Structures are given as structure tokens and as C-alpha cells.
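Structure record follows, encoded as C-alpha cells.
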Amino acid sequence: MLKKTLFLLLLCSGVLQAQDYFHKKFHPFTTDIPTPQEFLGYDIGKHHTRHDLIVAYLEKLAKVSDQASIQEYGKTHEGRKLVMLTITTPENFSNLATLKQQHLAFTDPSKTVSNYDEVPIFINLGYNVHGNEPSGSEAALLMAYTLVASNHHEIQNYRKNAIIFIDPTINPDGRDRHTQWANMYQGNPEVADPQDAEHNEYWPGGRTNHYWFDLNRDWLLGIHPESRGKLVWYHQWYPNVVTDFHEMGTQSSYFFEPMKANGSLDPIMPKENYEDLNEIFGNYFAQALDSIGSFYFTKEAFDGTYPGYGSSYPDIQGGLGLLFEQASSRGHRQKTAFGEITFPFTIRNQYISSIATVKAAVENKAYLRKYQQDFFKSALTNAGKSKIRGYSFGDAYDVNRTKAFIDKLLLHKIDVYKSGERYVVPTGQPQYRMVQTMFETYEKYRDSVYYDASAWSVANFYNMKYKPLNSLNLGEKVESTENVVPVAPVQKSDYAYIVDWDDYNAPALLNQLQHKGLVVSSSFKPFTAKIGPNGKKFNYGALVIPVSLQKKSVDEVYRIVQKAQQKFQVPVYGVPTGYNIKGIDLGSRNVKTLKTPKAAMLIGQGVRSYEAGEVWHLLDTRVGMPITKVPMRNFNRINLDKYNLLVMVSGSYDLTQKQRDKIKDWVNKGNTLITIGTAAKWAIEKKLVSEKLTKTETDSMAAVERKPYVDAPENIGKEQIGGVILKVDLDTTHPLGFGYRDQQIPVYKNNEVWLSPSKNAYATVAQYADEPHIDGFITQKNMEEFIKPSASLLVSKLGNGRVILFADNPNFRGSWYGTNRLFLNALFLGDKVNVPSN
């Protein structure tokens with residue numbers, strides 16, 4: 001018994017000592033609430049903690065304490081829980097509905113309240129949006145324990161004067177991918193050598209989510225369940241302060257805001273946000289980190305220009321978004337120029353900054369509440385100063401793309417109205433700054449170097465035609481996208497069905513029809529069918545499903561077509577005859593039978609995982625089409641003849657001559673190679689195709705202007721294309737342009753791939769317009785020397801096959817509904833693309 005007692009005392013002593021490294025200051029703690037160490041069976045920082053254990057610990061706290069509750073706000077693609085732990089006093093919990101109502105009053109410009117210091121401040125501590133930046137989630141465990149279990153007067157004050165929401169892991173799928181890697185390669189003793197496998201993840205790494213997307217760019221775009229769930233939660237609570245904890249290179253130190261100056265000439269968030277509030281909070285962070293001897297830097301990096309980060313989206317919602325970047329141990333221990341950095345050290349910095357955030361928020365709660373109130377009132381004031389009273393938009397030819405855009409507006413709580421055949425978004429609304437984000441474009445900038453994108457006008461992402469309005473006729477408010485524009489049910493036919501290819505969901509419907517065994521054709525010329533009293537016009541690419549030519553009965557064909565239409569809500573018409581009013585008839589040689597795509601995509605080392613994930617996500621979630629993801633290490637073994645399509649996204653393809661010949665021979669047989677970004681450049685440089693890259697005439701002997709060394713990063717950086725929206729002239733008669741009605745559409749460019757227009761008169765599908773700029777920063781040199789003379793999309797003949805070359809990424813961040821069709825046309829219609837001789 002004595003031995004057992006001594007063992008327990010020693011164990012308790014060891015646990016307390018381990019805890020003291022992090023939160024010695026906040027003793028005493030309630031003894032019947034388990035520490036993270038006691039619950040997990042190891043000290044924080046000893047191993048990387050799996051997401052299920054993180055959730056289980058927070059659930060335990062909510063079970064044993066009346067000062068915590070836990071809610072699930074969503075699930076990831078892989079089915080992991082997304083949870084929020086709420087911490088406050090029992091008294092605040094019992095009155096939470098009223099406190100929430102009082103809190104939200106400050107976000108309503110129609111209300112005038114002044115109890116700024118009487119309502120607890122609402123704080124959202126968010127961690128680990130990048131899965132392989134793991135110190136944040138470990139700090140979240142320590143924060144949860146401290147805020148729930150500590151009886152220190154400082155923590156008691158925080159619970160009384162704040163409602164604290166802890167989101168421990170914003171990206172659970174990526175975190176667990178990295179956690180498995182780091183724990184799998186952890187040495188004992190730990191290996192600090194940067195070359196060790198523990199510090200070098202295999203492709204694609206743990207940064208991204210299931211589909212290899214960077215969730216920290218998804219707050220504005222709202223594509224993934226992680227972001228959509230968080231946005232729904234966010235607009236229920238509108239927290240005053242939101243943290244965004246990250247990691248950066250091992251050889252760095254620690255970063256907190258203020259950030260680098262915003263690149264916008266006139267940022268839409270108030271100056272008070274990025275100057276006054278950042279300075280107030282920055283002093284708290286400096287004092288906290290100074291107290292433990294940690295070094296840090298501010299102001300010189302990480303601009304918050306793009307409004308879709310976890311640290312910038314709150315800034316346009318009346319809150320204060322705060323970015324933290326900790327030098328990463330990339331495992332458990334790693335060598336640096338100043339010795340070794342350990343996992344516990346990185347966790348402590350994040351924990352200390354979390355405590356400092358709560359302290360600053362509580363001690364400035366009246367200021368923050370007044371700021372939030374002024375923010376939403378100024379939204380209406382600013383809108384009133386503008387001549388623009390709203391924006392009208394809509395595409396009568398593409399209901400589903402219009403619905404997708406409306407869904408995005410509603411997700412961000414932007415008011416939308418139906419006015420006749422169009423939709424209207426008024427500027428005079430509390431979310432005016434989000435309206436600006438969706439529709440406004442810019443040409444002038446304060447800075448020329450961006451951490452990420454310089455263009456994000458979301459209406460252009462959707463190729464949504466819109467115009468500003470000087471007066472409003474609002475009509476009926478749109479509350480949801482259900483039945484926004486109901487599609488008439490298809491009428492049964494024993495002759496043929498016609499599908500409108502203009503609709504965004506038409507490729508998904510085509511895929512389902514093909515996989516259900518139907519033979520489908522595509523019209524390569526327009527026609528007017530005998531539908532209705534005046535006939536129905538069909539654009540290039542309209543699908544034709546001949547009933548009598550199928551190997552299925554009339555009833556079976558109808559059931560397949562009917563179910564596909566019900567699922568994808570695409571206009572489908574049954575017709576009794578192939579004799580059309582105008583244009584070609586349904587039996588024309590210009591109505592061409594389509595092959596079922598059998599697609600593969602190269603992935604793995606050297607391939608840009610973001611772009612590969614975008615292709616995978618598009619086909620999985622919107623088309624329902626399988627694509628075989630072939631690791632580069634397996635390329636020699638794969639039989640390409642199993643496929644008729646091969647996708648190569650941007651990357652550095654270190655393929656041997658034999659491997660390149662393998663691709664070339666396969667294309668020669670009549671197959672289609674689709675290249676995007678630097679893969680298109682690679683195909684040209686390796687002479688798979690006879691196309692050229694745009695070159696400029698430069699005088700190599702000209703004298704080089706001498707410049708200050710300190711300006712080199714800025715001068716070089718501004719020549720890079722961080723992200724701009726450009727206008728292209730599109731050949732809508734080309735199979736790759738089918739489904740488009742306008743010859744000029746926006747595209748997104750974030751690379752330096754410059755394709756010279758083809759010497760074949762019929763092979764340049766899209767070329768940059770004479771005046772191509774729509775939105776975003778680009779130097780005059782790049783505009784004149786590279787963009788204006790270049791093409792965005794080419795097709796090059798190779799034997800009996802073809803290579804499709806996208807200079808720009810048509811699937812960027814899963815958001816470019818406006819150019820997805822170009823890529824899907826390449827998949828479904830690419831094999832019908834012949835390149836006629838001049």
C-alpha cells in the first residue's frame with residue numbers, strides 16, 4: 001500500500017511538473033477535472049495527439065464541468081467531427097440565450113444600445129486549419145483545461161466576462177494525416193536532424209484537407225463542409241475576436257499582428273481594425289512572449305488583403321481576426337541556427353498567445369463592442385455614400401450556376417431579391433462590405449506584392465454577368481436556393497431526348513446517363529427543335545439521346561433520363577421527331593456520339609497537390625465521375641491503354657525520355673492529354689507538341705539599372721502573378737467552348753505560363769482580350785509583354801490524338817464555376833476535337 005501511495009505521489013508530481021512548463025501561473029486547479037496528460041496518458045508535446053482524442057478530451061470536460069459545453073457544427077469529408085467547446089460561468093450558461101441576443105444587438109444597425117461593458121465578450125479561439133501545423137491543437141487542449149479547471153482569479157475573471165469558443169481543429173483530416181506521419185517516424189531518443197523522415201512528409205503532406213485544399217483560403221469561397229459548417233456557426237454568433245494559429249519555417253521565430261500593410265489602396269475594413277485594434281492587442285502579445293523569453297516579429301509579412309482567411313474574414317464581420325505564426329518543429333525536435341526547437345516549446349508560445357488574446361479581449365470588451373456596433377452602422381453609411389444602390393445578376397441559360405452563386409451569397413448572409421427574371425443584391429444592408437467583396441473590382445493598389453491573391457470578385461468566379469444599379473426594384477426576398485427556378489419535368493418520348501448543354505450540371509447528367517448504359521451524342525451545330533409553339537433553340541453541345549437506337553426499352557430509357565434530371569435539375573426535353581425547325585436535324589453527321597471518359601491523373605512527388613485535388617474534388621462532388629489517381633512512382637508499371645484521358649496538372653515532371661515517349665505514343669493512338677499550368681509549359685518544352693511559349697525581345701547587352709539590395713524581394717515579387725482575373729476571347733463554336741453564350745469570359749491566372757497562339761488558325765480556343773484586365777494587380781510589363789500576346793487555351797494535334805493546353809487553372813480552389821465547363825468539355829468532348837489544317 002505504501003509503495004502504491006509513493007508511486008501515485010511520484011506520478012502526480014511528474015504530471016504537475018509537466019503542466020508547470022505551460023501553466024504554472026494559473027494554479028490552483030480543480031482536482032476532479034482531468035488534465036490533458038492524465039486523460040491522454042502522455043505529456044502534452046510528447047506525441048502528436050489524434051483528433052478523436054482531442055474531441056474525446058473536450059467531451060470529457062463538458063461532461064464533468066458545468067463551465068463547459070460542446071457542440072458539433074459539422075463533419076469533414078472523411079467523417080471526422082468538427083466541434084466547438086464553449087466555456088463560461090454556470091450563470092452565463094443559464095442565461096446564454098439572453099446574452100446572445102444582447103450580443104447580436106451590436107451587429108444590428110437598426111438598434112441603438114450602449115451597454116458595452118455589461119455583456120460578456122465573445123471570443124473564438126481557432127486552431128490548426130493547416131493539418132501539419134500541429135502546435136495549435138495541442139495548445140487548444142491546454143487552453144480548454146486552463147479555462148475550465150483553473151481557480152486562479154485571472155481565469156475566473158475571464159469566465160465571468162467572456163463567452164469563449166474553442167475550435168480545437170479546423171482541419172481534422174489533414175491533422176490526422178500529419179499526426180500519423182509524425183508519430184510513426186518519432187525516434188526514441190528524438191532525432192533533431194532536419195533530414196530525418198519525421199520532418200519530411202510524403203506527398204501531399206498534412207497541410208490540406210481530404211481533397212488537398214487549403215482550408216485557410218476557403219472562408220470566402222465556402223466550398224468544403226469544414227468551412228461551410230464554420231460559416232453557419234459564425235453567423236449565428238459573430239464573435240468579437242477570432243484567432244488563427246499557424247506555423248511557419250523552422251528557422252524563423254514567432255509572428256503576431258500587426259501584419260504587413262494591406263495591399264488594397266482603400267481597404268474595405270475600417271482603419272481602426274488594422275491599426276488601432278492590432279496595436280492594442282499587439283502590446284498584450286509582446287508582453288506575454290517577453291515574459292517567457294520568446295522572440296517574435298510583426299508588420300513585415302502576411303498581409304491580410306485577401307478577405308478569405310481565418311484571420312481576415314472576421315475583419316469584415318465586425319470582429320478582429322488575429323494571425324499567429326510559430327516556427328515549426330515539424331515533428332518533435334529539430335535543429336535550428338539557435339540550437340534545437342522542440343514541440344512543447346512551440347505549443348507553449350501558442351498557449352501563451354491564446355491566454356493573452358483572452359486577456360486583451362476581456363480588458364477591452366467595451367471598446368470591441370463599440371467597434372462592432374460602429375462597423376455595421378458604417379456599412380450602411382458607406383453604402384449610402386455610393387451612387388450604386390445594388391447589383392443585378394443572373395444567367396437565364398444556366399440555372400444551376402446562378403443557383404450556386406446565390407447559395408454563396410446566402411451563406412455569407414447577403415440579402416438577395418428576385419426581381420422579374422433577374423436577381424438583385426442591394427448595397428444598403430449590414431453585409432455591405434461582403435457585397436463589395438462579391439462584386440467590386442480594382443485596378444489601383446497601394447502595394448504590389450501579395451501573400452496570396454490580389455483579385456477575388458466572386459461574381460467573376462462564377463462568370464456571372466452583373467451590372468450596378470442606380471435605383472432598385474427589389475421584388476421578393478430569396479431565403480434559400482430551393483425552387484429558385486424550378487425545372488420542368490421531362491416529358492416521355494419514344495423518339496429522342498435533348499439536354500441543354502448550357503447548364504452547369506449537364507456534364508454530371510451526361511456522366512450518369514453514360515454510366516447507366518445509354519449512348520449519348522452531342523450537337524456540334526445549333527438547331528431549333530419543335531418544342532412549344534415557337535420552337536426551342538439549342539446551343540452548341542446540346543446532348544441528344546436517341547431512344548430507338550439504345551439497347552434498352554423505351555420505358556427503361558425514360559426512367560434513366562427522368563432520374564438523372566431529377567437529381568441534377570437540368571432542362572431535358574422529349575421530342576417526337578428529329579426534323580428541326582432550323583439548323584441541323586437530329587440525325588445529322590454533326591451530331592456526334594460521345595465516348596465514356598476513362599480518366600487518369602498523375603499525382604505524387606513533383607505534382608502540385610492543390611490543382612490535383614481541385615480536379616478530384618470537381619469530379620467527385622459535382623460530376624460523380626471516377627478518376628484514377630496514378631502515383632508517379634507507379635508510372636512505369638501502368639498500362640495507359642486502359643484510359644482514353646490523362647490529366648497532368650501543374651508540377652515539375654521529371655520524366656525520362658522513355659516515359660515521355662510512353663505518353664506521346666498513347667496520345668498518338670487517338671487519346672487525349674489534358675495539361676494545366678506548368679504541365680502545359682512542360683509539354684511544349686519537352687516537344688510533345690509543336691506549340692511555342694511567348695517570348696519577348698530583350699537586349700541582353702543592355703545596362704542593368706542599379707537598385708538597393710534591400711528592395712530586391714519587393715521588386716522581384718511584384719513581377720510574380722499572385723492571382724488576377726483576366727478577360728479572354730473564347731471560340732464558342734469550338735467543342736471546348738460549348739455551353740458558353742458569351743465570347744468574352746473571365747479566367748483566373750496565378751502563374752507565369754505564357755502560351756503563344758497556335759500557328760494553326762483553328763487551335764487557339766481562348767486568347768486574352770485586347771483589354772484583358774478585370775481585377776487584381778499586374779505590372780505593365782507583364783501585361784504588355786506576356787498577357788496581351790498570349791493564349792489561355794490551345795489544342796494541339798498529336799498523331800490521331802490531341803493535347804489540350806490550359807495556361808490558366810480552370811478549377812481554381814473549387815470555386816471557378818465559370819471556367820469548370822472548359823475543363824469538363826475537355827473531358828467529355830475532347831476526343832471529338834480534331835485540329836483541321838490551315
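Order determines the names: the first chain of the C-alpha cells is A, the second B, and so forth; residues in each chain are numbered 1 upward, and ligands are numbered 1 upward as they are shown.
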
Go through range 556-591 of chain A and collect every residue that DSSP, computed from the backbone, puts in alpha helix (DSSP H); the answer should be as a list of chain:residue names.
-> A:Glu556, A:Val557, A:Tyr558, A:Arg559, A:Ile560, A:Val561, A:Gln562, A:Lys563, A:Ala564, A:Gln565, A:Gln566, A:Lys567, A:Phe568

Can you tell me, as a list of chain:residue names, what residues are no more than 10 Å from Glu91 in chain A when counting only C-alpha atoms, ignoring any on the same chain fewer than 6 positions away?
-> A:Asp66, A:Gln67, A:Lys160

Written selection (N, CA and C atoms) as a CSV table (one decimal), in the first residue's frame:
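Ended up saving to selection24.csv:
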```
chain,number,residue,atom,x,y,z
A,66,ASP,N,-19.6,22.1,-15.2
A,66,ASP,CA,-20.7,22.9,-15.6
A,66,ASP,C,-20.2,24.2,-16.2
A,67,GLN,N,-18.9,24.3,-16.4
A,67,GLN,CA,-18.4,25.5,-17.0
A,67,GLN,C,-18.0,25.3,-18.5
A,160,LYS,N,-16.1,34.9,-16.3
A,160,LYS,CA,-17.2,35.7,-15.9
A,160,LYS,C,-17.5,36.7,-17.0
```

Using only C-alpha atoms, determine which residues lie at most 9 Å from Ala361 in chain A, disregarding the query and same-chain residues fewer than 2 positions distant; provide the list as a list in words.
->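 What passes the distance filter is Ile121, Phe122, Ile123, Ala162, Asn240, Val241, Phe281, Ala356, Thr357, Val358, Lys359, Glu363, Asn364, Lys365 and Leu368 of chain A.
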
Per-residue DSSP, range 603-687 of chain A, filtered to strand (DSSP E or B), as a PyMOL selection string = chain A and resi 603+607+627-631+645-648+651+672-676

Can you write out the residues you just picked, keeping N, CA and C atoms, as a tab-separated table (two decimals), in the first residue's frame?
```
chain	number	residue	atom	x	y	z
A	603	ILE	N	-0.37	11.90	-60.01
A	603	ILE	CA	-0.22	12.57	-58.73
A	603	ILE	C	1.10	12.14	-58.11
A	607	VAL	N	4.13	16.87	-58.32
A	607	VAL	CA	2.84	17.35	-58.82
A	607	VAL	C	2.24	18.33	-57.80
A	627	ILE	N	-12.04	9.13	-61.26
A	627	ILE	CA	-10.78	9.36	-61.96
A	627	ILE	C	-9.70	8.60	-61.21
A	628	THR	N	-8.89	7.86	-61.95
A	628	THR	CA	-7.82	7.06	-61.35
A	628	THR	C	-6.63	7.96	-61.05
A	629	LYS	N	-6.23	8.02	-59.80
A	629	LYS	CA	-5.11	8.86	-59.38
A	629	LYS	C	-3.86	7.98	-59.37
A	630	VAL	N	-2.98	8.22	-60.33
A	630	VAL	CA	-1.81	7.37	-60.54
A	630	VAL	C	-0.58	8.00	-59.91
A	631	PRO	N	-0.03	7.40	-58.85
A	631	PRO	CA	1.20	7.94	-58.26
A	631	PRO	C	2.36	7.90	-59.26
A	645	LEU	N	-8.21	9.26	-71.40
A	645	LEU	CA	-7.90	10.63	-70.95
A	645	LEU	C	-6.80	10.57	-69.89
A	646	LEU	N	-5.85	11.48	-69.98
A	646	LEU	CA	-4.82	11.62	-68.95
A	646	LEU	C	-4.72	13.09	-68.60
A	647	VAL	N	-4.82	13.39	-67.30
A	647	VAL	CA	-4.74	14.77	-66.82
A	647	VAL	C	-3.39	14.98	-66.15
A	648	MET	N	-2.72	16.05	-66.53
A	648	MET	CA	-1.48	16.47	-65.87
A	648	MET	C	-1.65	17.92	-65.43
A	651	GLY	N	3.12	21.13	-62.17
A	651	GLY	CA	4.10	20.37	-61.41
A	651	GLY	C	5.45	20.40	-62.10
A	672	THR	N	-6.49	11.55	-75.40
A	672	THR	CA	-6.45	12.97	-75.07
A	672	THR	C	-5.62	13.21	-73.83
A	673	LEU	N	-4.62	14.07	-73.95
A	673	LEU	CA	-3.82	14.52	-72.82
A	673	LEU	C	-4.25	15.93	-72.48
A	674	ILE	N	-4.66	16.16	-71.23
A	674	ILE	CA	-5.08	17.48	-70.76
A	674	ILE	C	-4.00	18.00	-69.81
A	675	THR	N	-3.41	19.13	-70.15
A	675	THR	CA	-2.36	19.72	-69.32
A	675	THR	C	-2.82	21.07	-68.79
A	676	ILE	N	-2.45	21.38	-67.56
A	676	ILE	CA	-2.85	22.62	-66.91
A	676	ILE	C	-1.60	23.33	-66.37
```

Which one is closest to Gln334 in chain A: A:Ala680, A:Ala197, A:Val435, A:Ala56? Count only C-alpha atoms.
->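 Using only C-alpha atoms, Gln334 in chain A sits closest to A:Ala197.
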
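Comparing the minimum interatomic distances between Ile33 in chain A and each of A:Asn115, A:His130, A:Thr89, A:Asn151, counting only C-alpha atoms, we find that A:Asn151 sits nearest.
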
Polymer residues at most 6 Å from range 71-81 of chain A, only C-alpha atoms, same-chain spacing of 5 or more positions, as a compact mmCIF listing (two decimals) with N, CA and C atoms, in the first residue's frame:
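Heads up, here's the output in out_25.txt:
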```txt
# COMPACT_ATOMS: atom_id res chain seq x y z
N PRO A 225 -17.14 21.22 -46.47
CA PRO A 225 -18.00 21.12 -45.28
C PRO A 225 -17.37 21.73 -44.04
N GLU A 226 -16.04 21.68 -43.93
CA GLU A 226 -15.37 22.29 -42.79
C GLU A 226 -15.67 23.80 -42.75
N GLY A 229 -19.67 24.60 -42.49
CA GLY A 229 -20.14 24.44 -41.12
C GLY A 229 -19.70 25.57 -40.24
```

For Asp176 in chain A, which residue among A:Glu118, A:Asp244, A:Glu325, A:Asp52 is the nearest when counting only C-alpha atoms?
-> A:Asp52

Which of these residues is nearest to Arg50 in chain A, using only C-alpha atoms: A:Asp452, A:Glu138, A:Glu784, A:Glu479?
-> A:Glu138

Nearest residue to Asp290 in chain A from the set A:Gln102, A:Ser353, A:Thr528, A:Ser328 (distances using only C-alpha atoms) |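 Ranked by minimum distance to Asp290 in chain A, first place goes to A:Ser353.
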
Would you list the contacts of Thr678 in chain A as a ChimeraX atom specification, taking every protein, DNA or RNA residue within 10 Å and counting only C-alpha atoms, but skipping same-chain residues closer than 3 positions in sequence?
-> /A:607-608,648-653,675,681-684,751-754,805-809

With a distance cut-off of 10 Å and only C-alpha atoms, select the neighbouring residues of Tyr211 in chain A, excluding the residue or stretch itself and same-chain residues fewer than 6 positions from it, and output the selection as a ChimeraX atom specification.
-> /A:77-78,173-174,224,609-618,620

What is the CA of Trp501 in chain A-CA of Ala488 in chain A distance in Å, reported with one decimal?
->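 Spanning CA of Trp501 in chain A to CA of Ala488 in chain A is a straight-line distance of 15.9 Å.
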